[in-house]
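K.L.:
Can you keep this structure in mind? I'll have questions shortly.
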2 protein chains.
Amino acid sequence: MAAPIGFWFDFTSPYGYVAAELVDAIAARHGRAVRWHPILLGPIFKAVGTAPLTQIPIKGDYSRHDFARTARYHKVAFRLPEKFPVGSQVAARSFYLIDDIDPARAVDFAKRIYRAYFAQGRDISDPAVVMEAATAAGADVPALTEGLKGEAVKERLKSEVENAMKIGVFGSPHFLVDGEPFWGVDRLPLLEEWLRTGGW
Amino acid sequence: MAAPIGFWFDFTSPYGYVAAELVDAIAARHGRAVRWHPILLGPIFKAVGTAPLTQIPIKGDYSRHDFARTARYHKVAFRLPEKFPVGSQVAARSFYLIDDIDPARAVDFAKRIYRAYFAQGRDISDPAVVMEAATAAGADVPALTEGLKGEAVKERLKSEVENAMKIGVFGSPHFLVDGEPFWGVDRLPLLEEWLRTGGW
């Protein structure tokens, strides 16, 4: 089987959310798996010298409009949460703790976190909301709660963010197909064309 | 006939160039005209708090790779000019002087400027290169040379940039279809879907 598609995203990224709803079907059509990497855009935006889209003059208004339009286009339920953005480190760390035991369950958890935030307007910076998603995904919540107290998972997330920057991730979603980078949910058609043709 | 598609671009924008090669065919398929508006991204980037893509850390490397990949995908000749970006005000002002007399000729001129810069690597900040394109497009070069000396065309370009900012243009290419904004050459498929369906 060909190498998995790398998928980097922040749990507070609207375009990352839409991509998360689409990427598995695209990968499946081409016999690929997807390797999910939740990261934190905060330190990355600092390195790039940018800010969350909604905070950028002029571009912010367009982005708010485009989030909703993009979601409607792909028939994905969406509303911009009242609290936006929020800290996503508890959700991201939980992902890696679940992922170490069962990657498929971690993907299910990731989709539940995204829907809780962008479809249901829940505050995913609240550990209780994260644990609800973990429970629904069938994760071992007591073990997860314990794991979140340790230093190891903090280091794990930090090294994921550092690695993302090393390979050139500067936004969410970011994909890597056989070394070829694609940034943005609007590049998924090109990514699929790349999978189909092997590149151009 | 339905309202023309508004098309805002900077002559030094690689994605604007690719869009300029594609937009007429899209518009024609839906019985629309295109209203071309060359602008200067400099003052707009200042308001938005950003910089030319190639100067942004991490994102710059991706962009250079993506310019060429996007052009290849659309079968548009492209190489990033050695001098990039350059001042595009002489080209933009010349566009409006030609446009006042003959809009179709101005569009021909605009395409020649873009190809001179991004296909042939000519320096379009050089007035001689601009006049070559004007000549090839059949413009009245002595009148153009005279017009460029006046204040009126400077004010005209300034007001085009101010108007662009007022309607929410923050990058190039930017399109407006019946009040609906689309930013980026990668949004042309969505723009066409909007033309086809009337929106969603």
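Labels used: A, B, ... for chains in the order of the structure tokens, numbers from 1 for residues in each chain, and numbers from 1 for ligands as shown.
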Residues of chain B near chain A: apply a cut-off of 8 Å, count only C-alpha atoms, and supply the list as a PyMOL selection string.
P.N.:
chain B and resi 47-50+56-59+62+69+72-73+165+168-170+181+186-187+200
K.L.:
Leaving out Ala104 (chain A) and any residue of its chain fewer than 2 positions from it, which residues lie within 12 Å of it when counting only C-alpha atoms, given as a list in words?
P.N.:
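My reading of the contact set: Asp24, Ala33, Val34, Arg35, Trp36, Phe95, Tyr96, Ile98, Asp99, Asp100, Ile101, Asp102, Ala106, Val107, Asp108, Phe109, Ala110, Lys111, Ala137, Gly138 and Ala139 of chain A.
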K.L.:
Leaving out Val90 (chain A) and any residue of its chain fewer than 6 positions from it, which residues lie within 9 Å of it when counting only C-alpha atoms, given as a ChimeraX atom specification?
P.N.:
/A:124-127,130,148
K.L.:
Would you mind writing down, as a PyMOL selection string, each residue of region 39-105 of chain B that DSSP on the backbone assigns to alpha helix (DSSP H)?
P.N.:
chain B and resi 41-48+59-73+89-101+103-105
K.L.:
Could you give me, as a short mmCIF file (atom, residue, chain, number, x, y, z; two decimals) with N, CA and C atoms, in the first residue's frame, the residues within 9 Å of Leu144 (chain B), counting only C-alpha atoms and dropping anything in the same chain fewer than 5 positions from it?
P.N.:
```cif
data_model
loop_
_atom_site.label_atom_id
_atom_site.label_comp_id
_atom_site.auth_asym_id
_atom_site.auth_seq_id
_atom_site.Cartn_x
_atom_site.Cartn_y
_atom_site.Cartn_z
N SER B 94 -1.05 52.75 -17.32
CA SER B 94 -1.20 52.64 -18.77
C SER B 94 -2.48 51.88 -19.10
N LEU B 97 -5.40 54.25 -18.97
CA LEU B 97 -5.40 55.19 -20.10
C LEU B 97 -5.90 54.50 -21.37
N ILE B 98 -5.48 53.27 -21.59
CA ILE B 98 -5.95 52.52 -22.77
C ILE B 98 -7.43 52.17 -22.59
N MET B 131 5.69 50.06 -22.89
CA MET B 131 5.34 50.63 -24.21
C MET B 131 5.39 49.59 -25.32
N ALA B 134 2.15 47.92 -25.10
CA ALA B 134 1.12 48.85 -25.60
C ALA B 134 1.13 48.87 -27.12
N ALA B 139 -2.15 50.17 -29.10
CA ALA B 139 -2.50 51.42 -28.42
C ALA B 139 -1.76 52.61 -29.05
N LYS B 149 2.29 61.39 -18.05
CA LYS B 149 2.94 62.54 -17.39
C LYS B 149 1.97 63.30 -16.48
#
```
K.L.:
Under the rule that only C-alpha atoms are counted, which of B:Asn163, B:Gln120, B:Ser13, B:Thr145 is the nearest residue to Arg79 (chain B)?
P.N.:
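That would be B:Gln120, the residue with the smallest distance to Arg79 (chain B).
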